[in-house]
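Student: Let me begin by handing over the structure; questions about it come next.
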Amino acid sequence: MNNIIIQSKSDQYQFLETIKHNRNKRFKNNLFFAEGVRNINGAVRFGWTIRSFLYDPQSALSDWARGLLAQVHTQCNYLLSASLMAELSDRENPSELCCLVEMKPDDFSRIPDSPAPFLALFDRPSNKGNLGTVIRTCDSLGVEGLLLTGHGVDLYDPEVVVATMGSFFSMPVLRCPDEPALDRYLAQLRLKHPELQILGTTAKSDLPLYEVDLTGGVVLLIGNETMGLTKRYKESADRLVTIPMASSSYASSFNVACAATVMMYEVTRQRAQKGEFSSRVLGEKG
């Protein structure tokens with residue numbers, strides 16, 4: 001294995017910085033930056049390819065870090081000074097180990113085929129924290145795949161990855177810039193699962209979410225934080241429902257991540273009542 005020693009802000013260091021901070025460079029190199037125990041453990045556990053580890057060889061590495069360096073095959077590792085590691089890390093106490101991870105293809109085959117599909121579609125997410133939270137919620141509540149449409153924040157931005165608390169690596173999340181390809185995928189899903197419902201939310205609907213049977217296949221539509229669902233997705237939805245709010249509420253709507261959580265939980269609740277969800281989905285995965 002090739003070790004690249006970096007002791008100054010050389011070209012190699014600039015490369016690491018651009019992978020972390022520059023969206024275009026990430027996609028050009030098919031790489032993204034990750035740090036933290038949960039994220040790195042998740043990347044290893046769920047079969048992501050780690051291209052490189054970054055660490056300070058002079059530091060007292062933990063057994064965990066030494067074990068990963070010994071067990072995980074990489075193309076090359078970057079050995080940085082403590083000060084450069086601190087500059088790359090987003091943490092107050094810099095991570096002892098960071099890594100560059102290869103992106104996975106945006107292939108619909110990554111979404112498992114189940115008797116009652118449970119998917120979500122997030123259109124034009126504009127906030128990194130919200131996207132990370134939605135990914136984490138999808139993982140927590142049994143969503144089998146999250147589809148991202150339109151121009152939004154970068155899925156592979158480090159802030160998104162950190163906000164998922166490790167769920168980034170266990171959840172199939174696909175970017176879907178090709179609308180016809182997405183339409184074909186959803187049409188094929190409908191053919192295989194005739195009961196499939198595509199469900200969106202709007203404050204103007206008189207149909208409460210909890211009155212809809214969600215125990216069959218379902219695709220939940222999540223709109224942009226500011227603009228909501230586009231006309232395209234409102235028209236493609238089988239039903240538009242509302243999440244009831246207290247009559248005394250001054251708020252006019254939910255935060256998008258909160259609304260997504262309520263919708264997903266209602267699917268989980270109904271399916272649990274029907275005995276169709278595993279203990280993992282019910283929060284006992286340990």
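Labeling convention for the structure tokens: chains A, B, ... as they appear, residues from 1 per chain, ligands from 1 in order of appearance.
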Run DSSP on the backbone and grab whatever in range 4-241 of chain A lands in helix (DSSP H, G or I); send it over as JSON, numbers by chain.
Tutor: {"A": [11, 12, 13, 14, 15, 16, 17, 18, 19, 20, 21, 23, 24, 25, 26, 27, 28, 29, 37, 38, 39, 40, 41, 42, 43, 44, 45, 63, 64, 65, 66, 67, 68, 69, 70, 71, 82, 83, 84, 85, 86, 87, 88, 108, 109, 110, 128, 129, 130, 131, 132, 133, 134, 135, 136, 137, 138, 139, 140, 158, 159, 160, 161, 162, 163, 167, 168, 169, 179, 180, 181, 182, 183, 184, 185, 186, 187, 188, 189, 190, 191, 192, 209, 210, 211, 231, 232, 233, 234, 235, 236]}
Student: Tell me which protein, DNA and RNA residues are within 8 Å of Pro57 in chain A, counting only C-alpha atoms, leaving out same-chain ones fewer than 5 positions away, and put them as a PyMOL selection string.
Tutor: chain A and resi 79-81
Student: Pull all heavy atoms from the residues just selected and write them as a CSV table (one decimal), in the first residue's frame.
Tutor:
```csv
chain,number,residue,atom,x,y,z
A,79,LEU,N,-0.8,10.4,5.3
A,79,LEU,CA,-0.2,10.6,6.6
A,79,LEU,C,0.0,12.1,6.8
A,79,LEU,O,0.9,12.7,6.2
A,79,LEU,CB,1.1,9.8,6.8
A,79,LEU,CG,1.0,8.3,7.1
A,79,LEU,CD1,0.1,7.6,6.1
A,79,LEU,CD2,2.3,7.7,7.1
A,80,LEU,N,-0.8,12.7,7.7
A,80,LEU,CA,-0.7,14.2,7.9
A,80,LEU,C,-0.2,14.6,9.2
A,80,LEU,O,-0.3,13.8,10.2
A,80,LEU,CB,-2.1,14.8,7.7
A,80,LEU,CG,-2.7,14.8,6.3
A,80,LEU,CD1,-3.2,13.5,5.8
A,80,LEU,CD2,-3.8,15.9,6.2
A,81,SER,N,0.3,15.8,9.3
A,81,SER,CA,0.7,16.3,10.7
A,81,SER,C,-0.6,16.6,11.5
A,81,SER,O,-1.7,16.7,10.9
A,81,SER,CB,1.4,17.6,10.5
A,81,SER,OG,0.6,18.6,10.0
```
Student: Which residue is closest to Glu144 in chain A? Choose from A:Ser236, A:Ser170, A:Ser253, A:Ser126 and count only C-alpha atoms.
Tutor: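 Residue with the minimum atom-to-atom distance to Glu144 in chain A: A:Ser170.
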Student: Could you name the residues that touch Thr74 in chain A at 12 Å or less, counting only C-alpha atoms, but leaving out those on the same chain fewer than 2 positions away, as number ranges by chain?
Tutor: A: 1-3, 44, 48-54, 68-72, 76-78, 99-102
Student: Write the selection just made, keeping N, CA, C and O atoms, as a PDB file, in the first residue's frame?
Tutor:
```
ATOM      1  N   MET A   1       0.843  -1.200   0.000  1.00  0.00           N
ATOM      2  CA  MET A   1       0.000   0.000   0.000  1.00  0.00           C
ATOM      3  C   MET A   1       0.881   1.255   0.000  1.00  0.00           C
ATOM      4  O   MET A   1       1.910   1.288   0.693  1.00  0.00           O
ATOM      5  N   ASN A   2       0.479   2.240  -0.743  1.00  0.00           N
ATOM      6  CA  ASN A   2       1.250   3.471  -0.873  1.00  0.00           C
ATOM      7  C   ASN A   2       0.823   4.474   0.200  1.00  0.00           C
ATOM      8  O   ASN A   2      -0.357   4.783   0.329  1.00  0.00           O
ATOM      9  N   ASN A   3       1.776   4.956   0.990  1.00  0.00           N
ATOM     10  CA  ASN A   3       1.507   6.002   1.975  1.00  0.00           C
ATOM     11  C   ASN A   3       2.032   7.330   1.456  1.00  0.00           C
ATOM     12  O   ASN A   3       3.186   7.423   1.027  1.00  0.00           O
ATOM     13  N   VAL A  44     -17.669   0.701   6.476  1.00  0.00           N
ATOM     14  CA  VAL A  44     -17.062  -0.641   6.422  1.00  0.00           C
ATOM     15  C   VAL A  44     -18.131  -1.722   6.497  1.00  0.00           C
ATOM     16  O   VAL A  44     -18.153  -2.664   5.694  1.00  0.00           O
ATOM     17  N   TRP A  48     -19.117  -0.134   1.628  1.00  0.00           N
ATOM     18  CA  TRP A  48     -18.627   0.975   0.828  1.00  0.00           C
ATOM     19  C   TRP A  48     -17.119   0.825   0.658  1.00  0.00           C
ATOM     20  O   TRP A  48     -16.425   0.339   1.555  1.00  0.00           O
ATOM     21  N   THR A  49     -16.600   1.240  -0.472  1.00  0.00           N
ATOM     22  CA  THR A  49     -15.169   1.144  -0.730  1.00  0.00           C
ATOM     23  C   THR A  49     -14.457   2.367  -0.170  1.00  0.00           C
ATOM     24  O   THR A  49     -14.716   3.492  -0.590  1.00  0.00           O
ATOM     25  N   ILE A  50     -13.568   2.124   0.778  1.00  0.00           N
ATOM     26  CA  ILE A  50     -12.748   3.200   1.332  1.00  0.00           C
ATOM     27  C   ILE A  50     -11.465   3.281   0.509  1.00  0.00           C
ATOM     28  O   ILE A  50     -10.674   2.338   0.474  1.00  0.00           O
ATOM     29  N   ARG A  51     -11.296   4.396  -0.187  1.00  0.00           N
ATOM     30  CA  ARG A  51     -10.129   4.569  -1.052  1.00  0.00           C
ATOM     31  C   ARG A  51      -8.877   4.872  -0.229  1.00  0.00           C
ATOM     32  O   ARG A  51      -7.806   4.371  -0.520  1.00  0.00           O
ATOM     33  N   SER A  52      -9.045   5.728   0.805  1.00  0.00           N
ATOM     34  CA  SER A  52      -7.881   6.158   1.590  1.00  0.00           C
ATOM     35  C   SER A  52      -8.288   6.478   3.020  1.00  0.00           C
ATOM     36  O   SER A  52      -9.390   6.973   3.257  1.00  0.00           O
ATOM     37  N   PHE A  53      -7.386   6.205   3.951  1.00  0.00           N
ATOM     38  CA  PHE A  53      -7.505   6.718   5.309  1.00  0.00           C
ATOM     39  C   PHE A  53      -6.578   7.912   5.462  1.00  0.00           C
ATOM     40  O   PHE A  53      -5.529   7.993   4.812  1.00  0.00           O
ATOM     41  N   LEU A  54      -6.971   8.847   6.341  1.00  0.00           N
ATOM     42  CA  LEU A  54      -6.161  10.012   6.666  1.00  0.00           C
ATOM     43  C   LEU A  54      -5.912   9.985   8.167  1.00  0.00           C
ATOM     44  O   LEU A  54      -6.860   9.850   8.958  1.00  0.00           O
ATOM     45  N   LEU A  68      -8.659  -0.883  11.991  1.00  0.00           N
ATOM     46  CA  LEU A  68      -9.144  -0.553  10.654  1.00  0.00           C
ATOM     47  C   LEU A  68      -7.990  -0.416   9.666  1.00  0.00           C
ATOM     48  O   LEU A  68      -8.064  -0.900   8.531  1.00  0.00           O
ATOM     49  N   LEU A  69      -6.927   0.236  10.084  1.00  0.00           N
ATOM     50  CA  LEU A  69      -5.777   0.411   9.193  1.00  0.00           C
ATOM     51  C   LEU A  69      -5.177  -0.939   8.807  1.00  0.00           C
ATOM     52  O   LEU A  69      -4.685  -1.108   7.682  1.00  0.00           O
ATOM     53  N   ALA A  70      -5.261  -1.907   9.702  1.00  0.00           N
ATOM     54  CA  ALA A  70      -4.703  -3.226   9.421  1.00  0.00           C
ATOM     55  C   ALA A  70      -5.641  -4.091   8.574  1.00  0.00           C
ATOM     56  O   ALA A  70      -5.193  -4.895   7.752  1.00  0.00           O
ATOM     57  N   GLN A  71      -6.949  -3.894   8.760  1.00  0.00           N
ATOM     58  CA  GLN A  71      -7.912  -4.816   8.149  1.00  0.00           C
ATOM     59  C   GLN A  71      -8.506  -4.330   6.830  1.00  0.00           C
ATOM     60  O   GLN A  71      -8.892  -5.146   5.981  1.00  0.00           O
ATOM     61  N   VAL A  72      -8.631  -3.023   6.638  1.00  0.00           N
ATOM     62  CA  VAL A  72      -9.319  -2.489   5.457  1.00  0.00           C
ATOM     63  C   VAL A  72      -8.306  -2.173   4.366  1.00  0.00           C
ATOM     64  O   VAL A  72      -7.379  -1.367   4.567  1.00  0.00           O
ATOM     65  N   CYS A  76      -4.364   3.925  -1.149  1.00  0.00           N
ATOM     66  CA  CYS A  76      -3.265   4.656  -0.510  1.00  0.00           C
ATOM     67  C   CYS A  76      -3.812   5.335   0.731  1.00  0.00           C
ATOM     68  O   CYS A  76      -5.021   5.553   0.851  1.00  0.00           O
ATOM     69  N   ASN A  77      -2.927   5.634   1.654  1.00  0.00           N
ATOM     70  CA  ASN A  77      -3.301   6.376   2.848  1.00  0.00           C
ATOM     71  C   ASN A  77      -2.503   7.671   2.902  1.00  0.00           C
ATOM     72  O   ASN A  77      -1.377   7.746   2.403  1.00  0.00           O
ATOM     73  N   TYR A  78      -3.127   8.698   3.521  1.00  0.00           N
ATOM     74  CA  TYR A  78      -2.471   9.995   3.657  1.00  0.00           C
ATOM     75  C   TYR A  78      -2.053  10.193   5.102  1.00  0.00           C
ATOM     76  O   TYR A  78      -2.892  10.123   6.009  1.00  0.00           O
ATOM     77  N   CYS A  99     -11.511   9.508   6.267  1.00  0.00           N
ATOM     78  CA  CYS A  99     -11.339   8.666   5.090  1.00  0.00           C
ATOM     79  C   CYS A  99     -11.968   9.278   3.853  1.00  0.00           C
ATOM     80  O   CYS A  99     -12.842  10.153   3.948  1.00  0.00           O
ATOM     81  N   LEU A 100     -11.522   8.819   2.707  1.00  0.00           N
ATOM     82  CA  LEU A 100     -12.135   9.126   1.420  1.00  0.00           C
ATOM     83  C   LEU A 100     -12.862   7.874   0.964  1.00  0.00           C
ATOM     84  O   LEU A 100     -12.283   6.784   0.912  1.00  0.00           O
ATOM     85  N   VAL A 101     -14.142   8.028   0.649  1.00  0.00           N
ATOM     86  CA  VAL A 101     -15.005   6.895   0.314  1.00  0.00           C
ATOM     87  C   VAL A 101     -15.495   7.043  -1.119  1.00  0.00           C
ATOM     88  O   VAL A 101     -15.817   8.153  -1.562  1.00  0.00           O
ATOM     89  N   GLU A 102     -15.561   5.927  -1.838  1.00  0.00           N
ATOM     90  CA  GLU A 102     -16.075   5.965  -3.206  1.00  0.00           C
ATOM     91  C   GLU A 102     -17.597   6.056  -3.199  1.00  0.00           C
ATOM     92  O   GLU A 102     -18.270   5.369  -2.426  1.00  0.00           O
TER      93      GLU A 102
END
```
Student: Which residues come within 8 Å of Phe32 in chain A, counting only C-alpha atoms, excluding same-chain residues fewer than 6 positions away, as a ChimeraX atom specification?
Tutor: /A:19-20,26,100-103,156-158
Student: Next, write the just-selected residues to a file, as a PDB file, in the first residue's frame, keeping N, CA, C and O atoms as the atom set.
Tutor:
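Writing done, so here's selection16.pdb:
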```pdb
ATOM      1  N   ILE A  19     -11.847  17.699  -2.164  1.00  0.00           N
ATOM      2  CA  ILE A  19     -12.800  16.589  -2.029  1.00  0.00           C
ATOM      3  C   ILE A  19     -13.790  16.906  -0.912  1.00  0.00           C
ATOM      4  O   ILE A  19     -14.992  16.639  -1.022  1.00  0.00           O
ATOM      5  N   LYS A  20     -13.306  17.507   0.138  1.00  0.00           N
ATOM      6  CA  LYS A  20     -14.196  17.812   1.261  1.00  0.00           C
ATOM      7  C   LYS A  20     -15.132  18.966   0.949  1.00  0.00           C
ATOM      8  O   LYS A  20     -16.319  18.919   1.284  1.00  0.00           O
ATOM      9  N   ARG A  26     -15.705  16.535  -6.031  1.00  0.00           N
ATOM     10  CA  ARG A  26     -16.152  15.247  -5.487  1.00  0.00           C
ATOM     11  C   ARG A  26     -16.665  14.353  -6.597  1.00  0.00           C
ATOM     12  O   ARG A  26     -16.306  13.170  -6.699  1.00  0.00           O
ATOM     13  N   LEU A 100     -11.522   8.819   2.707  1.00  0.00           N
ATOM     14  CA  LEU A 100     -12.135   9.126   1.420  1.00  0.00           C
ATOM     15  C   LEU A 100     -12.862   7.874   0.964  1.00  0.00           C
ATOM     16  O   LEU A 100     -12.283   6.784   0.912  1.00  0.00           O
ATOM     17  N   VAL A 101     -14.142   8.028   0.649  1.00  0.00           N
ATOM     18  CA  VAL A 101     -15.005   6.895   0.314  1.00  0.00           C
ATOM     19  C   VAL A 101     -15.495   7.043  -1.119  1.00  0.00           C
ATOM     20  O   VAL A 101     -15.817   8.153  -1.562  1.00  0.00           O
ATOM     21  N   GLU A 102     -15.561   5.927  -1.838  1.00  0.00           N
ATOM     22  CA  GLU A 102     -16.075   5.965  -3.206  1.00  0.00           C
ATOM     23  C   GLU A 102     -17.597   6.056  -3.199  1.00  0.00           C
ATOM     24  O   GLU A 102     -18.270   5.369  -2.426  1.00  0.00           O
ATOM     25  N   MET A 103     -18.156   6.914  -4.054  1.00  0.00           N
ATOM     26  CA  MET A 103     -19.605   7.022  -4.206  1.00  0.00           C
ATOM     27  C   MET A 103     -20.178   5.730  -4.796  1.00  0.00           C
ATOM     28  O   MET A 103     -19.488   5.020  -5.535  1.00  0.00           O
ATOM     29  N   TYR A 156     -23.522  14.194  -0.933  1.00  0.00           N
ATOM     30  CA  TYR A 156     -22.230  13.786  -0.382  1.00  0.00           C
ATOM     31  C   TYR A 156     -21.499  14.916   0.347  1.00  0.00           C
ATOM     32  O   TYR A 156     -20.321  14.785   0.667  1.00  0.00           O
ATOM     33  N   ASP A 157     -22.180  16.007   0.613  1.00  0.00           N
ATOM     34  CA  ASP A 157     -21.578  17.077   1.399  1.00  0.00           C
ATOM     35  C   ASP A 157     -21.287  16.550   2.812  1.00  0.00           C
ATOM     36  O   ASP A 157     -22.120  15.852   3.404  1.00  0.00           O
ATOM     37  N   PRO A 158     -20.116  16.850   3.375  1.00  0.00           N
ATOM     38  CA  PRO A 158     -19.786  16.345   4.717  1.00  0.00           C
ATOM     39  C   PRO A 158     -20.827  16.685   5.778  1.00  0.00           C
ATOM     40  O   PRO A 158     -21.049  15.891   6.702  1.00  0.00           O
TER      41      PRO A 158
END
```
Student: For a quick check of understanding, using only C-alpha atoms, which of A:Met165, A:Leu189, A:Leu196, A:Leu141 has the smallest distance to Val262 in chain A?
Tutor: A:Leu141
Student: Need to verify the contact set: Glu211 in chain A, 12 Å, only C-alpha atoms, exclusion of same-chain residues closer than 4 positions in sequence. Can you return it as a tab-separated table (two decimals) with N, CA and C atoms, in the first residue's frame?
Tutor:
```tsv
chain	number	residue	atom	x	y	z
A	206	ASP	N	-58.28	18.08	2.96
A	206	ASP	CA	-59.19	17.77	4.06
A	206	ASP	C	-59.04	16.32	4.54
A	207	LEU	N	-58.08	15.59	3.91
A	207	LEU	CA	-57.90	14.17	4.23
A	207	LEU	C	-56.72	14.02	5.20
A	215	THR	N	-50.74	0.35	4.82
A	215	THR	CA	-50.12	-0.96	5.05
A	215	THR	C	-49.69	-1.64	3.76
A	239	ARG	N	-52.87	10.63	-3.82
A	239	ARG	CA	-53.61	11.37	-2.81
A	239	ARG	C	-52.72	12.46	-2.21
A	240	LEU	N	-53.34	13.56	-1.85
A	240	LEU	CA	-52.68	14.60	-1.08
A	240	LEU	C	-53.36	14.65	0.29
A	241	VAL	N	-52.59	14.48	1.32
A	241	VAL	CA	-53.14	14.43	2.67
A	241	VAL	C	-52.58	15.58	3.49
A	242	THR	N	-53.14	15.75	4.65
A	242	THR	CA	-52.65	16.78	5.56
A	242	THR	C	-52.25	16.14	6.88
A	243	ILE	N	-51.30	16.76	7.56
A	243	ILE	CA	-50.94	16.36	8.92
A	243	ILE	C	-51.68	17.32	9.86
A	244	PRO	N	-52.69	16.84	10.56
A	244	PRO	CA	-53.49	17.75	11.39
A	244	PRO	C	-52.64	18.46	12.44
A	266	GLU	N	-46.24	7.15	10.73
A	266	GLU	CA	-47.61	6.66	10.55
A	266	GLU	C	-47.62	5.37	9.73
A	267	VAL	N	-46.75	5.29	8.72
A	267	VAL	CA	-46.63	4.03	7.97
A	267	VAL	C	-46.17	2.92	8.91
A	270	GLN	N	-49.01	1.89	11.43
A	270	GLN	CA	-50.08	1.08	10.84
A	270	GLN	C	-49.59	-0.33	10.52
```
Student: Using only C-alpha atoms for the distances, tell me which of A:Ala246, A:Lys234, A:Ile4, A:Leu214 is nearest to Thr268 in chain A.
Tutor: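 Residue with the minimum atom-to-atom distance to Thr268 in chain A: A:Leu214.
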Student: Distance CA of Ser59 in chain A-CA of Leu31 in chain A, one decimal place?
Tutor: 25.7 Å
Student: Which residue gives the smallest distance to Asn39 in chain A among A:Leu186, A:Ala163, A:Ile198, A:Ala272, with only C-alpha atoms counted?
Tutor: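 Nearest to Asn39 in chain A: A:Ala163.
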Student: Counting only C-alpha atoms, which residue out of A:Arg23, A:Arg38, A:His193, A:Arg45 sits closest to Val153 in chain A?
Tutor: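 Answer, going by the shortest atom-to-atom distance: A:Arg23.
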Student: Please extract the residues of range 122-276 of chain A with a backbone DSSP assignment of strand (DSSP E or B) and present them as a list in words.
Tutor: Phe122, Asp123, Gly145, Leu146, Leu147, Leu148, Thr149, Val173, Leu174, Arg175, Gln197, Ile198, Leu199, Gly200, Thr201, Pro208, Val218, Val219, Leu220, Leu221, Ile222, Asn224, Gly228, Arg239, Leu240, Val241 and Thr242 of chain A
Student: Fewer than 4 positions away in the same chain doesn't count, so skip those; otherwise give me all residues within 10 Å of Glu179 in chain A, counting only C-alpha atoms, as an mmCIF file with all heavy atoms, in the first residue's frame.
Tutor:
```cif
data_model
loop_
_atom_site.group_PDB
_atom_site.id
_atom_site.type_symbol
_atom_site.label_atom_id
_atom_site.label_comp_id
_atom_site.auth_asym_id
_atom_site.auth_seq_id
_atom_site.Cartn_x
_atom_site.Cartn_y
_atom_site.Cartn_z
ATOM 1 N N THR A 149 -34.686 14.262 -6.048
ATOM 2 C CA THR A 149 -34.971 14.806 -7.371
ATOM 3 C C THR A 149 -34.709 16.307 -7.404
ATOM 4 O O THR A 149 -34.688 16.977 -6.370
ATOM 5 C CB THR A 149 -36.437 14.550 -7.775
ATOM 6 O OG1 THR A 149 -37.309 15.176 -6.815
ATOM 7 C CG2 THR A 149 -36.737 13.061 -7.811
ATOM 8 N N GLY A 150 -34.518 16.824 -8.609
ATOM 9 C CA GLY A 150 -34.312 18.252 -8.778
ATOM 10 C C GLY A 150 -32.944 18.701 -8.278
ATOM 11 O O GLY A 150 -32.149 17.918 -7.740
ATOM 12 N N ASP A 183 -39.692 8.029 -13.747
ATOM 13 C CA ASP A 183 -41.083 7.703 -14.093
ATOM 14 C C ASP A 183 -41.212 6.238 -14.489
ATOM 15 O O ASP A 183 -42.175 5.567 -14.108
ATOM 16 C CB ASP A 183 -41.573 8.599 -15.234
ATOM 17 C CG ASP A 183 -41.745 10.053 -14.802
ATOM 18 O OD1 ASP A 183 -41.827 10.299 -13.581
ATOM 19 O OD2 ASP A 183 -41.795 10.930 -15.687
ATOM 20 N N ARG A 184 -40.241 5.741 -15.253
ATOM 21 C CA ARG A 184 -40.284 4.332 -15.658
ATOM 22 C C ARG A 184 -40.147 3.408 -14.449
ATOM 23 O O ARG A 184 -40.844 2.384 -14.346
ATOM 24 C CB ARG A 184 -39.169 4.035 -16.677
ATOM 25 C CG ARG A 184 -39.416 4.635 -18.056
ATOM 26 C CD ARG A 184 -38.457 4.060 -19.075
ATOM 27 N NE ARG A 184 -37.063 4.398 -18.790
ATOM 28 C CZ ARG A 184 -36.469 5.502 -19.217
ATOM 29 N NH1 ARG A 184 -37.144 6.393 -19.931
ATOM 30 N NH2 ARG A 184 -35.194 5.728 -18.929
ATOM 31 N N TYR A 185 -39.268 3.776 -13.533
ATOM 32 C CA TYR A 185 -39.084 2.961 -12.331
ATOM 33 C C TYR A 185 -40.369 2.897 -11.508
ATOM 34 O O TYR A 185 -40.799 1.820 -11.076
ATOM 35 C CB TYR A 185 -37.950 3.527 -11.477
ATOM 36 C CG TYR A 185 -37.830 2.874 -10.123
ATOM 37 C CD1 TYR A 185 -37.361 1.569 -9.984
ATOM 38 C CD2 TYR A 185 -38.230 3.550 -8.966
ATOM 39 C CE1 TYR A 185 -37.271 0.962 -8.747
ATOM 40 C CE2 TYR A 185 -38.135 2.953 -7.718
ATOM 41 C CZ TYR A 185 -37.660 1.663 -7.618
ATOM 42 O OH TYR A 185 -37.582 1.059 -6.390
#
```
Student: Write out as a list in words each polymer residue whose atoms come within 12 Å of Thr230 in chain A, counting only C-alpha atoms; drop sequence neighbours fewer than 3 positions from it.
Tutor: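 Once the adjacent positions are removed, what remains is Phe122, Asp123, Arg124, Thr149, Gly150, Gly200, Thr201, Thr202, Leu221, Ile222, Gly223, Asn224, Glu225, Thr226, Met227, Tyr233, Lys234, Glu235, Ser236 and Ala237 of chain A.
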Student: I'd like the interatomic distance between CA of Val134 in chain A and CA of Glu159 in chain A, to a tenth of an Å.
Tutor: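 Answer for the CA of Val134 in chain A to CA of Glu159 in chain A separation: 13.2 Å.
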